Structure formats: structure tokens, C-alpha cells
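Have a look at the structure below, then the notes.
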Amino acid sequence: MASKALYTLQDVGYAYDDGHPVLEGINLTINAGEKVALLGANGSGKSTLLRLLDGLLFPRQGTIAFDGQELTEAHLEDEGFFLAFRRRVGFVFQDSEAQLFNPSVREELAFGPLQLELPAAAVKERVDSLLDLLGLADLADRPPHKLSGGERKKVALGSVLASNPEVLLLDEPTAGLDPRSQRWLVEMLVQLNQAGKTIITATHDLAVVPVIADRVFVLGEDHRLAAAGPPREILAERELLMRVNLIDAAFHEHHHQGYFHLHAH
Amino acid sequence: MPAKDLPAWLLQNNHTPLQVKGKKRRPGFGEKTLRDLARAGQEVLFAEELAGYRGWLQGLDPRFKLLSLLWLAVVAGLARHPLTLVWLYGGLVGLAYYSRIPLGPFLKRVWLLVPLFTGIMVLPSVFNWVRPGEPLVVLLNLAGPLHLGPWQLPAQLAITRQGAAGAGLLILRVGVTVSLAFLVTMTTRWVALLRALRVFRVPRVFILTLAMTYRYIFLLLQTTEEMFIARQSRLVGRADLQMNRHFLAGAMGNLLLKAYALSEEVYQAMVARGYRGEGRCLDERGMSARDYWYCGGIVLVGLILLGGDYYLGL
């Protein structure tokens, strides 16, 4: 299937103000409707790359284009461009505490669509259907700090889904979740992808990669793109995964029920 | 990377046996701070729990509650006769009872603090040296009038009838107003209360900021508690003053950095969802017929009290 390119990154580089590099020479294309995983060890620049894709940071070098339009600070200062882009791209942060800044779950879910100027009646309808979809109806008026980690992640995902974005960017979504919440999240992401959404996940949880990605981009500890390809091929390259510090010698692979995964004992 | 061999001291296992020696350990400032933090958290949880009860006041629209608070505070301010205030206070106690607020803490909170703080302020005015009046209790008799530079004080120091009455009225008035504020804050969720501020045309961005402050105070409170617990768990013996100061300065700096990093991430999370500097909120629900009835009732009660006060006169 020939999909259109949604994101095109050309020679993208980013560095902190003190000159410390975070990303260097990144070239990649992400197509509409794809499931993509950004793999890399801690500090390899995955989170920064997601923030660049969401137009929260801007490259110091190279260009990022979204649907043929370059993502620049000037473009995002334009009201029309900003609204259209924010409606199309949603970002689930790693730290749900930072993402959930509203005083109640209901308001959290309503925040995005309200900012994006959806009529109040439509927002209420969306919020109610999301509460139902995510099984959060009983928690609607609870403050986010009283929720468990799994519930918080659900609310964080719901708060982004409320704007019905075309692209979902997720930063370490499974980190710190119990197995049931992890499974729920992964299944939800697959379901959303089947509904046509582009899912871009930054993670170092290799176990979920074959399920949440059709294509994998591996970031090395030198902040450059070390490899790209289908998950099975990438996960089979032990030498590559060891070089980029995603596995060490204690890891081995399992094949069962058609699934393949790597883990340590 | 292969793990290095453990150093020799880490291999020693000669730990002191547990023994009760009968000497009490005094809690240090760390423990006290922990206890205070826990208490602060509990109080807020308790208030939220009360606000969630199915009581009389809890069922009313927060905007109406705020407006009636303001109206009754005006009535209390205008009342010139103590009996009017006593009636009003009696009504408030009744409201608290029907709203399932525990009366003990409700009375204690007001009547332990108000006389103390208001009392200190009005104390000088009860004496005839500050405000002349009819003596009620004579405290001191001097040989003659006292000259202090440009001031001349009467020979007798006494508590005046007017002074005592004025101070009593003021304390009662403050007590009633504080009780009113307690009633409203204890029966309304903080979030709903903040939203209700829109009635007074408080700008949205201000309410959003307040709501977020309240939201993140808990997170930072939790971080603080964890820092104190982590320290407490490693503390052997009593920490001296200098150690405490070092720890406190470190903890404050750490908290500030965390708060700063968090604020940056929260801002990004807001922008990512389309925030452009002006918060938009869900519409408040409309007031029901019941709310209007109560609103009318409270206005009427206020007018009756004021009428009664006028009738009672000075």
C-alpha cells in the first residue's frame, strides 16, 4: 500500500543551549497510518525527537515537514496553522503528572477540544463517550492525583484522544504500568492504528515493540539514527541492540505462540 | 559492563542486636515536619470528604453559596445588635448540622482562634485610657492624672462599658463571618469553588492558575514528604542544627528545581493540546429552581435579620 509521507525529517539536529548534542543528522520518513517505534537507551534523544515532531521544540539544524508543510516556530505562531496542527497531532507525555494538570478527570478530557474551539455541546458528548470507552465514568469528578498509575495513563491517553488527532505521539507509554494496564494500552494503540491513526511510540520496552510497530527506528548513544526496519529484523540483530545499549549479554530471545521477544533473566 | 567486587566493608555482617534500653528518643524536626505534612494532607482530604457528603449545603450550586456568603457577611457587618448576630450564628450552626459537618471542630475552629486574634486587636480599645467611656471594671487607681509627654491619661484605669460592648460585638461579628466562610469552604469542593469565582467576573486565566497551583501543591507536598522520609530512614542518632540546616536548604533547592522542570513540562503539555494563553473551560451548569428558591430564602432571612436589628436599635 502506497501511503503518503506524513513526517519528513531531513538532517535534523538538536542541541541544548550549552552545545551538548541531543540529536544529530536524523533523516527519516513516517507515513500516514503507520505504527512506528523509536527505540533507544536512556538519553539517546527519543523524547526530544517526539517533542520536535510535536512542534514543541524546533531543530537547530535541518528541517521537519508535516504533511508537506515545514514545522517552524513562525508557522506555529500562525493561529490557523497552530490550530490545524494541534488538532491533527496529539502527545501523551511520559510523566502523567505533568500531563494531567486539570482539577478533575472530566475537565482533563475536555481541555484539549475546548482549546481547539470545538462547540461546548460536542465537547460534552465527546467527554461522556470517552469516559465510557475508557471505563472512567466512576472517576469523572476525581482529581488526577487520587488515581492509580494505570488510571492516570488512561486519562492521559483519553485527554489526547478527545481532540481526535490523526497522529498519536507517545513517550514511554508502558513505563511503570502493571501488566494488565500495559496490555490494555497496547491493545488500545493497535485498535487506534486499525482505525487509521498514525502511532509513533518512543520506548525501550522491547517486549511490546513487535505489537505496537510496523517499523522501528533505532537511536544510538551517539544521538544518530543507528538503524531502521521492521521489528522482527531489528530485534534479531543482537549486535546492533547491544551496541545501542538496548540489551546486554544477559538478554535472550523467546519464540512462542507466534510471538518473539527479548528479555533478561 | 561486569560488576566490580564488593568492597570489604560491605561484606561485613556484624550488626548490632536490637535492644530496648529504656531511653526515649525525642522526635527531631524531621519527624515533626513529616507529621505536619501528613496532618495538612489529612485536613484537606477531610474537607474534600465533607464536601462530598449528601448534606443540605452540599447540594446547592457553589455560585449561589458564594453569593449568599457575601450577602450574609454584609448582614453581619451591618448588624448593630448582638442579638441579631446570635440569631444569625444560631442559623449557621443549624445549617452546619443539616450539612453533616461535625459541630465540635466547627465550633472549636472559630471560637478558639477568633477571640484570640481579634481580641488582641481590640484589646486596647476596651480601656478608658485609649477610648474614654463609662467605667465597668476599675483596674488601677493612681494618685492623679498621668502625664506622658504630650498625652494626659486619667487617674483611673478601667475597662469601659462601651469598649467591652464594642469589642464583644466585633468578636461576634468576626466569628459569624469566619463561620460563614468555613461553612462554604467545607461544603464545596475546592474546584467547584474556584469555578464559582466566575460569578464575580474573576478572569479565567486567574482561576486556571489557582486550580493548577492547588493541583500541583499536592505533588510537591508528596515529594517533600518523600524527601523527609528518605532522610528519616537513614538517620541514626540526632541530627545537629547545622545538619538540619544543610538538609533543609538542600531539600528546598531540590524542590525548586523539580517545580521548575515540572512547570516547563506542564506548559508543553498544555501547548500540545492547543493552549494559547487563554484557558477555555466547560460551561457551568445552570442554576435549578431549587437554587433560586434557596437564594430567595437567604435574601429574605438577611432582610428579616436587618429589620429585626433596626427594631432592636442600639
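Residues are named by chain letter and number: chains run A, B, ... in the order of the C-alpha cells, numbers start at 1 in each chain, and ligands are numbered from 1 in the order shown.
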
*When DSSP works through the backbone of this structure, what residues of range 17-262 of chain A end up as helix (DSSP H, G or I), shown as a count of residues only?*
106

Pick out the residues sitting within 9 Å of range 80-83 of chain A, and hand them over as a PDB file with C-alpha atoms, in the first residue's frame; count only C-alpha atoms, and ignore anything fewer than 3 positions along from it in its own chain.
ATOM      1  CA  HIS A  75       4.447  28.685  11.256  1.00  0.00           C
ATOM      2  CA  LEU A  76       3.243  27.552  14.672  1.00  0.00           C
ATOM      3  CA  GLU A  77       2.807  31.153  15.723  1.00  0.00           C
ATOM      4  CA  ARG A  86      -2.711  20.684  17.210  1.00  0.00           C
ATOM      5  CA  ARG A  87      -5.991  19.124  16.063  1.00  0.00           C
ATOM      6  CA  ARG A  88      -4.073  16.609  13.982  1.00  0.00           C
ATOM      7  CA  GLN A 115      -8.819  24.877  23.397  1.00  0.00           C
ATOM      8  CA  LEU A 116      -9.263  23.715  19.822  1.00  0.00           C
ATOM      9  CA  GLU A 117     -12.568  25.577  19.688  1.00  0.00           C
TER      10      GLU A 117
ATOM     11  CA  GLY B 274      -3.835  23.651  21.867  1.00  0.00           C
TER      12      GLY B 274
END

When the cut-off is 7 Å and we count only C-alpha atoms, which residues of chain A are near chain B, given as a short mmCIF file (atom, residue, chain, number, x, y, z; two decimals) with C-alpha atoms, in the first residue's frame?
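Result file result06.cif:
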data_model
loop_
_atom_site.label_atom_id
_atom_site.label_comp_id
_atom_site.auth_asym_id
_atom_site.auth_seq_id
_atom_site.Cartn_x
_atom_site.Cartn_y
_atom_site.Cartn_z
CA LEU A 56 7.20 21.88 20.97
CA LEU A 83 -4.98 25.06 15.49
CA ARG A 86 -2.71 20.68 17.21
CA GLY A 90 -1.62 14.52 19.99
CA PHE A 91 1.16 13.87 22.51
CA ALA A 98 2.73 16.78 34.08
CA GLN A 99 0.10 15.90 31.51
CA PHE A 101 -2.90 19.50 35.14
CA ASN A 102 -6.66 19.88 35.45
CA PRO A 103 -8.51 19.57 38.74
CA GLY A 112 -7.97 19.76 24.53
CA LEU A 114 -12.15 23.23 24.24
CA GLN A 115 -8.82 24.88 23.40
CA LEU A 116 -9.26 23.71 19.82
CA ALA A 120 -19.29 23.05 24.14
#

*asked:* For a test of reading the model, state the distance in Å between CA of Leu221 in chain B and CA of Ala175 in chain A, rounded to one decimal.
replied: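 Between these atoms lies a distance of 23.4 Å.
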
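Across A:Gly229, A:Gly220, A:Pro144, A:Gly158, the tightest approach to Thr29 in chain A is made by A:Gly229 when counting only C-alpha atoms.
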
*Mind checking which residues fall within 9 Å of range 179-185 of chain B, counting only C-alpha atoms, ignoring those fewer than 5 positions away in the same chain, and posting them as a ChimeraX atom specification?*
/B:47,51,57-58,62,65-66,69-70,72-73,89,92-93,95-96,99,101,106-107,109-110,174,190,193

Expected file contents, prior selection, N, CA and C atoms, as a PDB file, in the first residue's frame:
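Written output follows (result14.pdb):
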ATOM      1  N   ALA B  47     -11.669  17.751  54.397  1.00  0.00           N
ATOM      2  CA  ALA B  47     -12.521  18.802  53.852  1.00  0.00           C
ATOM      3  C   ALA B  47     -13.178  18.329  52.552  1.00  0.00           C
ATOM      4  N   ALA B  51     -17.140  17.805  51.773  1.00  0.00           N
ATOM      5  CA  ALA B  51     -17.768  18.441  50.618  1.00  0.00           C
ATOM      6  C   ALA B  51     -18.503  17.413  49.771  1.00  0.00           C
ATOM      7  N   LEU B  57     -26.236  21.841  52.444  1.00  0.00           N
ATOM      8  CA  LEU B  57     -25.464  22.846  51.702  1.00  0.00           C
ATOM      9  C   LEU B  57     -24.705  22.245  50.528  1.00  0.00           C
ATOM     10  N   GLN B  58     -24.303  20.974  50.675  1.00  0.00           N
ATOM     11  CA  GLN B  58     -23.522  20.339  49.608  1.00  0.00           C
ATOM     12  C   GLN B  58     -24.301  20.261  48.300  1.00  0.00           C
ATOM     13  N   PRO B  62     -22.540  26.065  43.872  1.00  0.00           N
ATOM     14  CA  PRO B  62     -21.463  26.808  44.545  1.00  0.00           C
ATOM     15  C   PRO B  62     -21.554  28.315  44.331  1.00  0.00           C
ATOM     16  N   LYS B  65     -23.917  29.602  46.742  1.00  0.00           N
ATOM     17  CA  LYS B  65     -23.331  29.589  48.090  1.00  0.00           C
ATOM     18  C   LYS B  65     -22.406  30.790  48.289  1.00  0.00           C
ATOM     19  N   LEU B  66     -21.597  31.070  47.265  1.00  0.00           N
ATOM     20  CA  LEU B  66     -20.671  32.206  47.369  1.00  0.00           C
ATOM     21  C   LEU B  66     -21.440  33.516  47.518  1.00  0.00           C
ATOM     22  N   LEU B  69     -23.013  33.751  50.874  1.00  0.00           N
ATOM     23  CA  LEU B  69     -21.956  34.035  51.864  1.00  0.00           C
ATOM     24  C   LEU B  69     -21.713  35.543  51.929  1.00  0.00           C
ATOM     25  N   LEU B  70     -21.600  36.114  50.725  1.00  0.00           N
ATOM     26  CA  LEU B  70     -21.313  37.541  50.650  1.00  0.00           C
ATOM     27  C   LEU B  70     -22.457  38.369  51.265  1.00  0.00           C
ATOM     28  N   LEU B  72     -24.781  37.402  53.462  1.00  0.00           N
ATOM     29  CA  LEU B  72     -24.890  37.240  54.916  1.00  0.00           C
ATOM     30  C   LEU B  72     -23.719  37.927  55.637  1.00  0.00           C
ATOM     31  N   ALA B  73     -22.578  37.994  54.966  1.00  0.00           N
ATOM     32  CA  ALA B  73     -21.441  38.708  55.566  1.00  0.00           C
ATOM     33  C   ALA B  73     -21.773  40.203  55.648  1.00  0.00           C
ATOM     34  N   TYR B  89     -25.926  33.450  63.923  1.00  0.00           N
ATOM     35  CA  TYR B  89     -24.984  32.361  64.218  1.00  0.00           C
ATOM     36  C   TYR B  89     -25.731  31.061  64.504  1.00  0.00           C
ATOM     37  N   LEU B  92     -26.582  29.483  61.392  1.00  0.00           N
ATOM     38  CA  LEU B  92     -25.410  28.859  60.753  1.00  0.00           C
ATOM     39  C   LEU B  92     -25.109  27.502  61.380  1.00  0.00           C
ATOM     40  N   VAL B  93     -25.233  27.435  62.718  1.00  0.00           N
ATOM     41  CA  VAL B  93     -24.979  26.155  63.397  1.00  0.00           C
ATOM     42  C   VAL B  93     -26.001  25.122  62.910  1.00  0.00           C
ATOM     43  N   LEU B  95     -27.470  25.108  59.988  1.00  0.00           N
ATOM     44  CA  LEU B  95     -27.076  24.742  58.622  1.00  0.00           C
ATOM     45  C   LEU B  95     -25.942  23.715  58.659  1.00  0.00           C
ATOM     46  N   ALA B  96     -24.974  23.968  59.558  1.00  0.00           N
ATOM     47  CA  ALA B  96     -23.826  23.053  59.666  1.00  0.00           C
ATOM     48  C   ALA B  96     -24.319  21.668  60.068  1.00  0.00           C
ATOM     49  N   SER B  99     -25.927  19.925  57.281  1.00  0.00           N
ATOM     50  CA  SER B  99     -24.967  19.608  56.219  1.00  0.00           C
ATOM     51  C   SER B  99     -23.966  18.560  56.697  1.00  0.00           C
ATOM     52  N   ILE B 101     -21.824  18.546  59.053  1.00  0.00           N
ATOM     53  CA  ILE B 101     -20.481  18.984  59.455  1.00  0.00           C
ATOM     54  C   ILE B 101     -20.344  18.714  60.946  1.00  0.00           C
ATOM     55  N   PHE B 106     -16.234  22.438  64.111  1.00  0.00           N
ATOM     56  CA  PHE B 106     -16.776  23.663  63.517  1.00  0.00           C
ATOM     57  C   PHE B 106     -16.783  24.789  64.549  1.00  0.00           C
ATOM     58  N   LEU B 107     -17.211  24.470  65.789  1.00  0.00           N
ATOM     59  CA  LEU B 107     -17.254  25.490  66.834  1.00  0.00           C
ATOM     60  C   LEU B 107     -15.844  25.835  67.314  1.00  0.00           C
ATOM     61  N   ARG B 109     -12.870  25.514  65.836  1.00  0.00           N
ATOM     62  CA  ARG B 109     -12.035  26.254  64.890  1.00  0.00           C
ATOM     63  C   ARG B 109     -12.301  27.740  64.955  1.00  0.00           C
ATOM     64  N   VAL B 110     -13.594  28.092  65.084  1.00  0.00           N
ATOM     65  CA  VAL B 110     -13.940  29.511  65.082  1.00  0.00           C
ATOM     66  C   VAL B 110     -13.656  30.142  66.436  1.00  0.00           C
ATOM     67  N   VAL B 174     -16.906  38.992  63.705  1.00  0.00           N
ATOM     68  CA  VAL B 174     -15.832  38.266  63.011  1.00  0.00           C
ATOM     69  C   VAL B 174     -16.092  36.757  63.075  1.00  0.00           C
ATOM     70  N   TRP B 190     -13.129  22.312  46.355  1.00  0.00           N
ATOM     71  CA  TRP B 190     -12.272  23.440  46.034  1.00  0.00           C
ATOM     72  C   TRP B 190     -12.400  23.828  44.562  1.00  0.00           C
ATOM     73  N   LEU B 193     -15.560  25.591  43.890  1.00  0.00           N
ATOM     74  CA  LEU B 193     -15.499  26.915  44.494  1.00  0.00           C
ATOM     75  C   LEU B 193     -14.732  27.882  43.580  1.00  0.00           C
TER      76      LEU B 193
END

*asked:* Give me the residues near Glu134 in chain B as an NGL selection string, where near means some atom within 12 Å (using only C-alpha atoms) and where sequence neighbours in that chain fewer than 5 positions away do not count.
replied: :B and (126-129 or 156-165)

*Could you name the residues that touch Ile64 in chain A at 8 Å or less, counting only C-alpha atoms, but leaving out those on the same chain fewer than 2 positions away, as an MDAnalysis selection string?*
chainID A and resid 7:10 12 53 59 62 66 70:71

*Can you tell me, as a ChimeraX atom specification, what residues are no more than 9 Å from range 111-116 of chain B when counting only C-alpha atoms, ignoring any on the same chain fewer than 6 positions away?*
/B:171-172,174-175,178

_When you count only C-alpha atoms, which of these residues is closest to Trp293 in chain B: B:Leu170, B:Leu60, B:Val176, B:Ala76?_
B:Leu60

*Atom pair CA of Gly45 in chain A / CA of Ile26 in chain A: separation (Å)*: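 Interatomic distance, CA of Gly45 in chain A to CA of Ile26 in chain A: 10.8 Å.
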